[in-house]
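Here the structure is laid out as structure tokens; the discussion comes afterwards.
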Amino acid sequence: MIGKAAAGGVVETAVILIVAAALWFAPAFAGDYWLQIGFRALIYLSLAEGWNLMAGSAGLVSLGASCFVGLGAYVVFGLLNKLDMPPPLALALAAAAGGALAAFVSPALFRLRGLYFTVGTLALAELLRLTMINVSLFGGATGIFLAQDPPDLPALFHCALVVAFLASLAITFCARTRASVILRAVRDDEDAAAQMGVRPFRVKLAAFALASAISAMAGGVQAIKLGAIEPYGIFGLQWSIDVLSMAIIGGVGLRLGPLVGVIFVIALGELLADYPEAHVAIAGVILIVLIRFAPRGVVGLVAYQKLASRRPATA
Amino acid sequence: MRHPTKTCLAAAIAAASFGLSQAHADEIVIGASLPLSGPLAGFGSFQQWGYKRAVDEVNKAGGISVGGKKEMVKLIIRDDKTDPNATAANTETLISRDHVVAMLGSCTPALVNAGALVAERAKKPLVTGCDPLEAFKSVRKWKWVWDIFFDEPDLASVELKAVADLGAKTNMKIALWHDNGPDGQVVGGQIWPNVAKQFGYEVVQNAEFPVDNTQFTSIIGEAKSKEAEVVLVDAITPQAVAIRKQMAASGYTPKVLNIEKGAEPVQFAEALGKLADGVLVGGYWDPSFPYPGAADLAKAFESETKLSSSQHIADSYAAAQVLLDGIAAAGSTDPEKINAALAKTDKTYVVGPVKFDENHTAKLPVVSLQWQGGKTVVVWPKSAKTGDLLFPVP
């Protein structure tokens with residue numbers, strides 16, 4: 001079983017490599033609009049991949065994505081403004097900061113399970129947001145402006161592509177190796193997994209730290225693009241809600257779920273953008289209908305229909 | 001059951017896709033990202049009305065002459081949901097998909113800055129109101145963005161000037177309460193303490209609170225115990241309403257109560273009823289101002305929407321007029337020519353004279369407004385007043 005999964009992992013890695021290589025040349029032929037959309041999709045894909053690893057594979061449903069997006073943004077701005085550090089190094093350190101914060105808070109957060117963990121991550125995000133608002137060292141509610149001009153759009157697109165590529169590779173590793181079995185064992189029954197010799201704390205920590213590092217790096221890239229950050233926007237709950245809804249719409253725990261969810265939500269947002277008075281209501285109705293009739297997400301619905309269509313032939 | 005679901009989804013997406021805007025070659029396309037939902041939706045609706053009215057008027061007059069040919073103006077508005085990330089994304093899309101030649105701004109420093117930075121990088125002119133000038137200037141040296149609004153030091157000092165000039169007697173003990181938002185920190189944290197000292201007040205309390213704070217009883221209790229007869233507050237509307245209600249519940253009524261920012265929209269008076277009476281708020285526009293079209297603008301808004309007018313219809317209407325005049329003066333849709341024409345703006349609009357300085361800002365004169373019977377009256381300066389100061393606060 002694992003051997004088959006590992007073979008699938010090689011194919012998946014090859015596909016990710018080919019797609020990333022093809023997308024690298026997108027700025028040469030795609031217009032600014034498509035690069036902007038692509039940038040947004042890649043940032044959200046990175047975040048949704050990390051969230052899907054935590055919730056879908058490890059059973060850690062988080063509402064704290066905004067916490068790590070914001071942390072990454074502030075770390076990157078601090079390093080660029082104060083130390084004039086090269087952006088790739090600043091992004092790598094932002095990822096390390098995200099992972100380190102996850103490791104620091106995990107002893108407390110992992111004492112909470114299920115919905116309590118979810119509320120705990122929400123509280124963590126709020127704690128960090130309020131800290132940034134109230135500490136003038138971090139710019140207070142005014143926030144921080146990037147001292148240097150941000151790179152041009154193709155360079156930002158490449159940055160987002162690298163982050164999404166690293167995120168996808170990491171998730172593929174987790175989904176196609178023995179780690180996948182261990183994660184699911186912890187997700188399905190933490191106590192039973194512990195009885196079998198799995199160390200749930202370490203497994204959950206690995207998933208949490210990896211997802212947090214990815215989120216922080218994505219937040220750093222987003223911040224560079226914005227050129228200005230303030231705590232209400234960059235630590236906004238909207239990040240967590242967007243990522244959660246993308247993963248749920250695509251299909252929680254399904255490998256293609258985040259990708260499909262990201263494409264669906266961004267496409268819907270763009271299609272409805274010309275109806276500013278009604279878009280929130282229309283998007284809400286569409287999402288309610290989708291969740292009602294496709295509770296396992298778009299990918300789950302398609303997979304179920306494929307299975308259903310094969311049934312008569314195999315009977 | 002599954003097939004109807006798929007059909008519904010496909011139909012919904014297809015229906016939405018028909019909405020993809022296609023600019024015609026003979027149209028001048030401008031755009032704006034506004035907070036039409038979220039906490040600042042109240043401001044966004046006023047701005048949307050102001051922007052649309054200015055564009056409609058130009059189109060009714062036959063459009064703008066570009067290259068010797070009259071062209072209609074198309075205004076594309078997107079909702080930023082009061083989220084700076086969405087403002088930036090909307091502005092990028094307006095530029096890259098809708099190919100706007102110039103833009104109008106959102107509201108509050110955080111939202112305006114997010115869009116303005118995108119416009120600056122893309123070298124597209126953007127004219128905005130609704131962004132206090134000090135906050136605007138602190139971001140960077142702007143080249144493509146223009147701001148028409150009030151200056152924080154003017155607004156911060158107007159009420160104490162009014163109280164002194166109108167001879168309202170107090171024990172000269174003052175309490176300053178302000179949120180820790182960008183303008184709250186500037187006005188409450190820096191300007192008010194200095195201005196209060198200049199006017200001879202003893203600052204007995206200077207309290208800062210988070211923008212979304214809801215509990216103010218301890219701050220109120222301290223001011224009451226220190227017998228402050230003048231209270232200056234800088235907070236957004238929900239907090240301003242909570243503060244006034246909690247003051248009443250605590251039995252604390254200072255002789256002078258000024259609430260900046262939050263006491264400005266009509267929703268403040270609607271939420272408080274008689275408790276709003278006597279509250280002072282700095283203003284930069286009133287329909288009674290002697291500028292062309294001021295009274296008509298408020299009447300048009302109230303007859304069209306059946307709502308009370310707001311200052312924001314004026315600054316947004318003026319910002320749009322300034323931009324449209326800039327395009328007309330440039331006689332071109334070339335962003336550089338429009339930007340150069342904007343720099344030469346020197347005309348009296350509905351908000352007063354507009355002429356940009358080297359920081360790309362045009363300062364609006366401020367007055368002291370007071371809520372009286374559910375409406376604001378101008379109580380100072382005497383040259384502009386439409387009513388007498390209600391003193392002390394009832």
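Residue names in the structure tokens use chain letters A, B, ... in the order shown, residue numbers from 1 in each chain, and ligand numbers from 1 in the order shown.
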Could you list, with a cut-off of 9 Å and counting only C-alpha atoms, the residues of chain A near chain B, each shown with its nearest atom pair and the distance in Å rounded to one decimal, rows sorted by chain and ascending number, as JSON lines?
{"residue": "A:Gly31", "atom": "CA", "partner": "B:Ser96", "partner_atom": "CA", "distance": 7.8}
{"residue": "A:Asp32", "atom": "CA", "partner": "B:Ser96", "partner_atom": "CA", "distance": 5.5}
{"residue": "A:Tyr33", "atom": "CA", "partner": "B:Ser96", "partner_atom": "CA", "distance": 4.6}
{"residue": "A:Trp34", "atom": "CA", "partner": "B:Ser96", "partner_atom": "CA", "distance": 8.3}
{"residue": "A:Gln36", "atom": "CA", "partner": "B:Glu92", "partner_atom": "CA", "distance": 7.2}
{"residue": "A:Ile37", "atom": "CA", "partner": "B:Thr93", "partner_atom": "CA", "distance": 8.4}
{"residue": "A:Arg40", "atom": "CA", "partner": "B:Ala89", "partner_atom": "CA", "distance": 8.4}
{"residue": "A:Leu130", "atom": "CA", "partner": "B:Pro210", "partner_atom": "CA", "distance": 8.1}
{"residue": "A:Ile133", "atom": "CA", "partner": "B:Asn180", "partner_atom": "CA", "distance": 7.4}
{"residue": "A:Asn134", "atom": "CA", "partner": "B:Asn180", "partner_atom": "CA", "distance": 7.3}
{"residue": "A:Gly140", "atom": "CA", "partner": "B:Asn180", "partner_atom": "CA", "distance": 7.3}
{"residue": "A:Ala141", "atom": "CA", "partner": "B:Gly181", "partner_atom": "CA", "distance": 4.9}
{"residue": "A:Thr142", "atom": "CA", "partner": "B:Pro182", "partner_atom": "CA", "distance": 4.5}
{"residue": "A:Gly143", "atom": "CA", "partner": "B:Pro182", "partner_atom": "CA", "distance": 8.3}
{"residue": "A:Phe145", "atom": "CA", "partner": "B:Val139", "partner_atom": "CA", "distance": 7.0}
{"residue": "A:Asp149", "atom": "CA", "partner": "B:Arg121", "partner_atom": "CA", "distance": 8.4}
{"residue": "A:Pro150", "atom": "CA", "partner": "B:Arg121", "partner_atom": "CA", "distance": 8.7}
{"residue": "A:Asp152", "atom": "CA", "partner": "B:Arg121", "partner_atom": "CA", "distance": 8.8}
{"residue": "A:Gln222", "atom": "CA", "partner": "B:Asn85", "partner_atom": "CA", "distance": 8.9}
{"residue": "A:Lys225", "atom": "CA", "partner": "B:Val118", "partner_atom": "CA", "distance": 8.9}
{"residue": "A:Leu226", "atom": "CA", "partner": "B:Ala114", "partner_atom": "CA", "distance": 6.8}
{"residue": "A:Gly227", "atom": "CA", "partner": "B:Leu117", "partner_atom": "CA", "distance": 7.0}
{"residue": "A:Ala228", "atom": "CA", "partner": "B:Ala114", "partner_atom": "CA", "distance": 6.9}
{"residue": "A:Ile229", "atom": "CA", "partner": "B:Ala114", "partner_atom": "CA", "distance": 8.5}
{"residue": "A:Glu230", "atom": "CA", "partner": "B:Ala110", "partner_atom": "CA", "distance": 7.4}
{"residue": "A:Tyr232", "atom": "CA", "partner": "B:Asp83", "partner_atom": "CA", "distance": 8.2}
{"residue": "A:Gly233", "atom": "CA", "partner": "B:Pro84", "partner_atom": "CA", "distance": 5.7}
{"residue": "A:Ile234", "atom": "CA", "partner": "B:Asn85", "partner_atom": "CA", "distance": 7.5}
{"residue": "A:Gly236", "atom": "CA", "partner": "B:Asp83", "partner_atom": "CA", "distance": 8.1}
{"residue": "A:Gln238", "atom": "CA", "partner": "B:Asp83", "partner_atom": "CA", "distance": 8.4}
{"residue": "A:Leu268", "atom": "CA", "partner": "B:Ile13", "partner_atom": "CA", "distance": 7.3}
{"residue": "A:Glu270", "atom": "CA", "partner": "B:Leu20", "partner_atom": "CA", "distance": 8.4}
{"residue": "A:Leu271", "atom": "CA", "partner": "B:Ser17", "partner_atom": "CA", "distance": 5.3}
{"residue": "A:Leu272", "atom": "CA", "partner": "B:Ala16", "partner_atom": "CA", "distance": 5.9}
{"residue": "A:Ala273", "atom": "CA", "partner": "B:Arg78", "partner_atom": "CA", "distance": 6.3}
{"residue": "A:Asp274", "atom": "CA", "partner": "B:Gly19", "partner_atom": "CA", "distance": 6.4}
{"residue": "A:Tyr275", "atom": "CA", "partner": "B:Arg78", "partner_atom": "CA", "distance": 7.7}
{"residue": "A:Pro276", "atom": "CA", "partner": "B:Asp79", "partner_atom": "CA", "distance": 5.2}
{"residue": "A:Glu277", "atom": "CA", "partner": "B:Leu36", "partner_atom": "CA", "distance": 7.2}
{"residue": "A:His279", "atom": "CA", "partner": "B:Asp79", "partner_atom": "CA", "distance": 8.7}
{"residue": "A:Val280", "atom": "CA", "partner": "B:Ser37", "partner_atom": "CA", "distance": 8.4}
{"residue": "A:Ile282", "atom": "CA", "partner": "B:Ala12", "partner_atom": "CA", "distance": 8.9}
{"residue": "A:Ile286", "atom": "CA", "partner": "B:Leu9", "partner_atom": "CA", "distance": 7.1}
{"residue": "A:Val289", "atom": "CA", "partner": "B:Thr5", "partner_atom": "CA", "distance": 7.9}
{"residue": "A:Leu290", "atom": "CA", "partner": "B:Leu9", "partner_atom": "CA", "distance": 7.7}
{"residue": "A:Phe293", "atom": "CA", "partner": "B:Thr5", "partner_atom": "CA", "distance": 6.9}
{"residue": "A:Gln305", "atom": "CA", "partner": "B:Arg2", "partner_atom": "CA", "distance": 8.9}
Legend entry - Contact residues around Val10 in chain A with only C-alpha atoms at 12 Å, ignoring same-chain residues under 6 positions, as a ChimeraX atom specification: /A:3-4,16-17,169,172-173,175-177
Inset, instruction - Would you please extract all strand (DSSP E or B) residues from range 137-303 of chain B, as assigned by DSSP on the backbone, and give them as a PyMOL selection string? - result: chain B and resi 145-149+173-179+202-209+230-235+256-261+279-283
Those same residues, written as a short mmCIF file (atom, residue, chain, number, x, y, z; two decimals), in the first residue's frame with N, CA, C and O atoms?
data_model
loop_
_atom_site.label_atom_id
_atom_site.label_comp_id
_atom_site.auth_asym_id
_atom_site.auth_seq_id
_atom_site.Cartn_x
_atom_site.Cartn_y
_atom_site.Cartn_z
N VAL B 145 -0.75 60.27 -6.58
CA VAL B 145 -1.95 60.25 -5.73
C VAL B 145 -2.18 61.63 -5.13
O VAL B 145 -1.22 62.28 -4.70
N TRP B 146 -3.47 62.06 -5.08
CA TRP B 146 -3.84 63.40 -4.64
C TRP B 146 -4.94 63.30 -3.59
O TRP B 146 -5.88 62.54 -3.77
N ASP B 147 -4.80 64.08 -2.54
CA ASP B 147 -5.74 63.96 -1.42
C ASP B 147 -6.39 65.31 -1.11
O ASP B 147 -5.69 66.31 -0.91
N ILE B 148 -7.72 65.30 -1.04
CA ILE B 148 -8.49 66.51 -0.69
C ILE B 148 -9.22 66.21 0.61
O ILE B 148 -10.21 65.45 0.60
N PHE B 149 -8.76 66.74 1.72
CA PHE B 149 -9.42 66.44 2.99
C PHE B 149 -8.96 67.45 4.04
O PHE B 149 -8.24 68.39 3.74
N LYS B 173 -10.31 71.92 33.32
CA LYS B 173 -9.74 70.57 33.46
C LYS B 173 -10.26 69.74 32.29
O LYS B 173 -11.47 69.68 32.06
N ILE B 174 -9.32 69.10 31.59
CA ILE B 174 -9.69 68.41 30.35
C ILE B 174 -9.25 66.94 30.39
O ILE B 174 -8.18 66.63 30.91
N ALA B 175 -10.12 66.07 29.85
CA ALA B 175 -9.78 64.65 29.71
C ALA B 175 -9.73 64.31 28.22
O ALA B 175 -10.60 64.74 27.46
N LEU B 176 -8.69 63.57 27.84
CA LEU B 176 -8.51 63.20 26.43
C LEU B 176 -8.62 61.68 26.30
O LEU B 176 -7.88 60.96 26.95
N TRP B 177 -9.56 61.22 25.50
CA TRP B 177 -9.72 59.78 25.27
C TRP B 177 -9.59 59.53 23.77
O TRP B 177 -10.28 60.17 22.98
N HIS B 178 -8.76 58.61 23.41
CA HIS B 178 -8.61 58.36 21.97
C HIS B 178 -8.27 56.90 21.71
O HIS B 178 -7.64 56.24 22.53
N ASP B 179 -8.71 56.42 20.53
CA ASP B 179 -8.35 55.05 20.16
C ASP B 179 -6.91 55.04 19.65
O ASP B 179 -6.30 56.10 19.46
N GLU B 202 -5.69 72.18 31.97
CA GLU B 202 -4.91 71.18 32.72
C GLU B 202 -5.38 69.80 32.24
O GLU B 202 -6.56 69.46 32.39
N VAL B 203 -4.46 69.05 31.64
CA VAL B 203 -4.83 67.71 31.15
C VAL B 203 -4.84 66.75 32.34
O VAL B 203 -3.79 66.37 32.84
N VAL B 204 -6.03 66.39 32.81
CA VAL B 204 -6.12 65.54 34.00
C VAL B 204 -6.14 64.05 33.63
O VAL B 204 -5.98 63.19 34.48
N GLN B 205 -6.36 63.76 32.36
CA GLN B 205 -6.39 62.35 31.93
C GLN B 205 -6.10 62.27 30.44
O GLN B 205 -6.61 63.07 29.66
N ASN B 206 -5.25 61.30 30.04
CA ASN B 206 -5.04 61.03 28.62
C ASN B 206 -5.09 59.52 28.45
O ASN B 206 -4.13 58.81 28.73
N ALA B 207 -6.25 59.02 28.04
CA ALA B 207 -6.47 57.56 27.99
C ALA B 207 -6.52 57.08 26.54
O ALA B 207 -7.21 57.67 25.70
N GLU B 208 -5.79 56.00 26.28
CA GLU B 208 -5.80 55.38 24.95
C GLU B 208 -6.48 54.02 25.06
O GLU B 208 -6.31 53.32 26.07
N PHE B 209 -7.25 53.65 24.05
CA PHE B 209 -7.93 52.34 24.08
C PHE B 209 -7.90 51.73 22.67
O PHE B 209 -7.76 52.47 21.68
N VAL B 230 -14.27 69.27 30.52
CA VAL B 230 -14.16 69.21 29.06
C VAL B 230 -13.61 67.82 28.70
O VAL B 230 -12.60 67.40 29.26
N VAL B 231 -14.30 67.14 27.80
CA VAL B 231 -13.84 65.81 27.37
C VAL B 231 -13.73 65.80 25.84
O VAL B 231 -14.69 66.15 25.15
N LEU B 232 -12.56 65.44 25.36
CA LEU B 232 -12.35 65.28 23.91
C LEU B 232 -12.15 63.80 23.62
O LEU B 232 -11.32 63.15 24.26
N VAL B 233 -12.90 63.27 22.67
CA VAL B 233 -12.85 61.84 22.37
C VAL B 233 -12.55 61.66 20.88
O VAL B 233 -13.08 62.39 20.04
N ASP B 234 -11.70 60.70 20.56
CA ASP B 234 -11.47 60.32 19.17
C ASP B 234 -11.74 58.82 19.05
O ASP B 234 -10.96 58.00 19.57
N ALA B 235 -12.86 58.46 18.44
CA ALA B 235 -13.24 57.04 18.34
C ALA B 235 -14.18 56.87 17.15
O ALA B 235 -14.82 57.83 16.73
N VAL B 256 -18.47 70.34 28.27
CA VAL B 256 -18.15 70.30 26.82
C VAL B 256 -17.77 68.87 26.46
O VAL B 256 -16.90 68.28 27.10
N LEU B 257 -18.45 68.32 25.45
CA LEU B 257 -18.12 66.97 24.99
C LEU B 257 -17.92 67.01 23.47
O LEU B 257 -18.85 67.32 22.72
N ASN B 258 -16.70 66.69 23.08
CA ASN B 258 -16.37 66.67 21.66
C ASN B 258 -15.98 65.23 21.28
O ASN B 258 -15.11 64.65 21.90
N ILE B 259 -16.67 64.67 20.30
CA ILE B 259 -16.32 63.31 19.84
C ILE B 259 -15.97 63.39 18.36
O ILE B 259 -16.85 63.57 17.51
N GLU B 260 -14.69 63.28 18.07
CA GLU B 260 -14.25 63.34 16.68
C GLU B 260 -14.45 61.98 16.01
O GLU B 260 -14.41 60.94 16.65
N LYS B 261 -14.65 62.03 14.72
CA LYS B 261 -14.74 60.84 13.87
C LYS B 261 -16.08 60.13 14.07
O LYS B 261 -16.91 60.12 13.18
N VAL B 279 -23.28 67.30 21.64
CA VAL B 279 -21.97 66.73 21.29
C VAL B 279 -21.38 67.53 20.11
O VAL B 279 -22.05 67.75 19.09
N LEU B 280 -20.15 67.95 20.28
CA LEU B 280 -19.46 68.72 19.24
C LEU B 280 -18.64 67.77 18.35
O LEU B 280 -18.11 66.77 18.85
N VAL B 281 -18.55 68.10 17.09
CA VAL B 281 -17.70 67.32 16.20
C VAL B 281 -17.16 68.27 15.13
O VAL B 281 -17.89 69.13 14.63
N GLY B 282 -15.89 68.10 14.82
CA GLY B 282 -15.30 68.94 13.78
C GLY B 282 -15.86 68.55 12.43
O GLY B 282 -16.12 67.37 12.17
N GLY B 283 -16.07 69.53 11.58
CA GLY B 283 -16.63 69.23 10.27
C GLY B 283 -15.88 69.97 9.18
O GLY B 283 -15.24 70.99 9.43
#
Legend entry - Å distance separating CA of Ile191 in chain B from CA of Thr361 in chain B, one decimal place: 19.6 Å
Inset, instruction - Apply DSSP to the structure's backbone, then extract all residues of range 4-183 of chain A labelled helix (DSSP H, G or I) and return them as JSON, numbers by chain. - result: {"A": [4, 5, 6, 7, 8, 9, 10, 11, 12, 13, 14, 15, 16, 17, 18, 19, 20, 21, 22, 23, 24, 26, 27, 28, 29, 32, 33, 34, 35, 36, 37, 38, 39, 40, 41, 42, 43, 44, 45, 46, 47, 48, 49, 50, 51, 52, 53, 54, 55, 56, 57, 65, 66, 67, 68, 69, 70, 71, 72, 73, 74, 75, 76, 77, 78, 79, 80, 81, 82, 83, 87, 88, 89, 90, 91, 92, 93, 94, 95, 96, 97, 98, 99, 100, 101, 102, 103, 104, 105, 106, 107, 108, 109, 115, 116, 117, 118, 119, 120, 121, 122, 123, 124, 125, 126, 127, 128, 129, 130, 131, 132, 133, 134, 136, 137, 138, 140, 141, 142, 153, 154, 155, 156, 157, 158, 159, 160, 161, 162, 163, 164, 165, 166, 167, 168, 169, 170, 171, 172, 173, 174, 175, 176, 178, 179, 180, 181, 182, 183]}
Could you write those residues out with C-alpha atoms, as a compact mmCIF listing (two decimals), in the first residue's frame?
# COMPACT_ATOMS: atom_id res chain seq x y z
CA LYS A 4 2.02 2.20 -4.27
CA ALA A 5 1.55 5.53 -2.52
CA ALA A 6 5.28 6.27 -2.82
CA ALA A 7 5.15 5.54 -6.56
CA GLY A 8 2.19 7.90 -6.79
CA GLY A 9 4.26 10.43 -4.90
CA VAL A 10 7.01 10.31 -7.52
CA VAL A 11 4.46 10.93 -10.27
CA GLU A 12 2.87 13.73 -8.22
CA THR A 13 6.25 15.36 -7.59
CA ALA A 14 7.04 15.18 -11.29
CA VAL A 15 3.71 16.79 -12.14
CA ILE A 16 4.31 19.59 -9.60
CA LEU A 17 7.77 20.18 -11.04
CA ILE A 18 6.50 20.34 -14.61
CA VAL A 19 3.60 22.66 -13.73
CA ALA A 20 5.87 24.94 -11.68
CA ALA A 21 8.45 25.03 -14.49
CA ALA A 22 5.72 25.91 -17.01
CA LEU A 23 4.29 28.60 -14.73
CA TRP A 24 7.75 30.10 -14.27
CA ALA A 26 3.99 32.70 -17.43
CA PRO A 27 5.14 36.34 -17.12
CA ALA A 28 6.52 36.11 -20.65
CA PHE A 29 3.09 35.56 -22.22
CA ASP A 32 -0.74 41.75 -15.84
CA TYR A 33 -4.30 40.78 -14.96
CA TRP A 34 -3.58 37.07 -15.18
CA LEU A 35 -0.35 37.51 -13.24
CA GLN A 36 -2.28 39.32 -10.50
CA ILE A 37 -4.86 36.55 -10.38
CA GLY A 38 -2.09 33.96 -10.51
CA PHE A 39 -0.25 35.62 -7.65
CA ARG A 40 -3.38 35.65 -5.50
CA ALA A 41 -4.14 32.02 -6.37
CA LEU A 42 -0.60 30.90 -5.50
CA ILE A 43 -0.64 32.67 -2.13
CA TYR A 44 -4.01 31.16 -1.26
CA LEU A 45 -2.93 27.76 -2.58
CA SER A 46 0.05 27.80 -0.21
CA LEU A 47 -2.17 28.70 2.72
CA ALA A 48 -4.89 26.20 1.80
CA GLU A 49 -2.34 23.38 1.32
CA GLY A 50 -1.02 23.99 4.82
CA TRP A 51 -4.52 24.20 6.30
CA ASN A 52 -5.54 21.01 4.50
CA LEU A 53 -2.53 19.19 5.92
CA MET A 54 -3.48 20.24 9.44
CA ALA A 55 -7.24 19.74 9.23
CA GLY A 56 -7.56 17.02 6.60
CA SER A 57 -4.61 14.86 7.57
CA ALA A 65 -4.02 31.21 9.53
CA SER A 66 -4.17 35.00 9.89
CA CYS A 67 -1.85 34.79 12.89
CA PHE A 68 0.97 33.28 10.84
CA VAL A 69 0.25 35.37 7.73
CA GLY A 70 0.59 38.47 9.89
CA LEU A 71 3.65 37.19 11.69
CA GLY A 72 5.41 36.46 8.40
CA ALA A 73 4.49 39.91 7.10
CA TYR A 74 5.89 41.71 10.15
CA VAL A 75 9.06 39.61 10.25
CA VAL A 76 9.77 40.22 6.57
CA PHE A 77 9.13 43.98 6.87
CA GLY A 78 11.34 44.17 9.94
CA LEU A 79 14.20 42.35 8.25
CA LEU A 80 13.92 44.30 5.00
CA ASN A 81 13.55 47.71 6.66
CA LYS A 82 16.01 47.36 9.53
CA LEU A 83 18.64 45.01 8.11
CA PRO A 87 13.98 39.19 0.26
CA PRO A 88 14.56 35.42 -0.18
CA LEU A 89 16.53 35.27 3.07
CA ALA A 90 13.90 37.37 4.85
CA LEU A 91 11.20 34.99 3.61
CA ALA A 92 13.16 31.97 4.81
CA LEU A 93 13.53 33.56 8.24
CA ALA A 94 9.82 34.39 8.27
CA ALA A 95 9.10 30.71 7.65
CA ALA A 96 11.43 29.82 10.52
CA ALA A 97 9.63 32.33 12.75
CA GLY A 98 6.27 30.80 11.83
CA GLY A 99 7.51 27.32 12.67
CA ALA A 100 9.11 28.54 15.89
CA LEU A 101 5.93 30.27 17.07
CA ALA A 102 3.96 27.10 16.33
CA ALA A 103 6.46 25.08 18.38
CA PHE A 104 6.32 27.64 21.19
CA VAL A 105 2.55 27.65 21.54
CA SER A 106 1.95 23.96 20.78
CA PRO A 107 2.38 22.66 24.37
CA ALA A 108 -0.54 24.86 25.39
CA LEU A 109 -2.62 24.50 22.22
CA LEU A 115 -13.35 22.56 18.71
CA TYR A 116 -11.35 23.74 21.72
CA PHE A 117 -8.19 23.63 19.61
CA THR A 118 -9.97 25.65 16.91
CA VAL A 119 -10.96 28.30 19.44
CA GLY A 120 -7.41 28.25 20.81
CA THR A 121 -5.96 29.09 17.38
CA LEU A 122 -8.49 31.88 17.01
CA ALA A 123 -7.43 33.28 20.37
CA LEU A 124 -3.77 33.08 19.33
CA ALA A 125 -4.48 35.10 16.19
CA GLU A 126 -6.38 37.69 18.19
CA LEU A 127 -3.61 37.85 20.78
CA LEU A 128 -0.99 38.58 18.17
CA ARG A 129 -3.20 41.13 16.40
CA LEU A 130 -3.88 43.03 19.62
CA THR A 131 -0.19 42.90 20.53
CA MET A 132 0.74 44.50 17.22
CA ILE A 133 -1.96 47.15 17.63
CA ASN A 134 -0.87 48.09 21.13
CA SER A 136 4.25 51.08 19.14
CA LEU A 137 7.53 49.28 18.35
CA PHE A 138 5.58 47.38 15.68
CA GLY A 140 0.81 50.25 16.41
CA ALA A 141 -2.47 50.49 14.54
CA THR A 142 -0.80 52.55 11.82
CA LEU A 153 4.95 41.94 -10.76
CA PRO A 154 6.81 39.11 -12.55
CA ALA A 155 9.33 38.90 -9.69
CA LEU A 156 6.50 38.81 -7.13
CA PHE A 157 4.75 36.13 -9.17
CA HIS A 158 7.95 34.07 -9.13
CA CYS A 159 8.21 34.51 -5.34
CA ALA A 160 4.63 33.29 -4.86
CA LEU A 161 5.28 30.41 -7.26
CA VAL A 162 8.33 29.28 -5.27
CA VAL A 163 6.35 29.39 -2.01
CA ALA A 164 3.46 27.43 -3.53
CA PHE A 165 5.91 24.98 -5.09
CA LEU A 166 7.65 24.34 -1.76
CA ALA A 167 4.29 24.01 -0.02
CA SER A 168 3.01 21.53 -2.60
CA LEU A 169 6.19 19.47 -2.42
CA ALA A 170 6.06 19.35 1.37
CA ILE A 171 2.40 18.34 1.35
CA THR A 172 3.07 15.69 -1.29
CA PHE A 173 5.78 14.27 0.96
CA CYS A 174 3.34 14.16 3.86
CA ALA A 175 0.55 12.68 1.74
CA ARG A 176 2.55 10.03 -0.10
CA ARG A 178 4.58 6.81 5.82
CA ALA A 179 3.91 10.21 7.39
CA SER A 180 0.46 10.12 5.80
CA VAL A 181 -0.50 6.96 7.69
CA ILE A 182 0.82 8.34 10.96
CA LEU A 183 -1.03 11.64 10.50
Inset, instruction - Excluding Val203 in chain A and residues on its chain fewer than 4 positions from it, collect all residues at most 10 Å away from it, counting only C-alpha atoms, and give them as a VMD selection string. - result: chain A and resid 58 179 182 to 183 185 to 187 198 to 199 207 to 209
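Taking CA of Val260 in chain A and CA of Gly38 in chain B as the two end points, the separation is 27.1 Å.
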Inset, instruction - Measure the distance from CA of Ile219 in chain B to CA of Ala269 in chain B in Å and round it to one decimal. - result: 22.4 Å
Inset, instruction - Please identify all polymer residues within 12 Å of Lys70 in chain B, counting only C-alpha atoms, omitting same-chain residues fewer than 2 positions from it, and present them as a list in words. - result: Asp26, Glu27, Ile28, Val58, Asn59, Lys60, Ala61, Gly62, Gly63, Ile64, Ser65, Val66, Gly67, Gly68, Met72, Val73, Ile327, Ala328, Gly331 and Ser332 of chain B
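Among the candidates A:Ala278, A:Val243, A:Lys306, A:Leu254, the residue lying nearest to Ile266 in chain A is A:Val243 (atoms considered: only C-alpha atoms).
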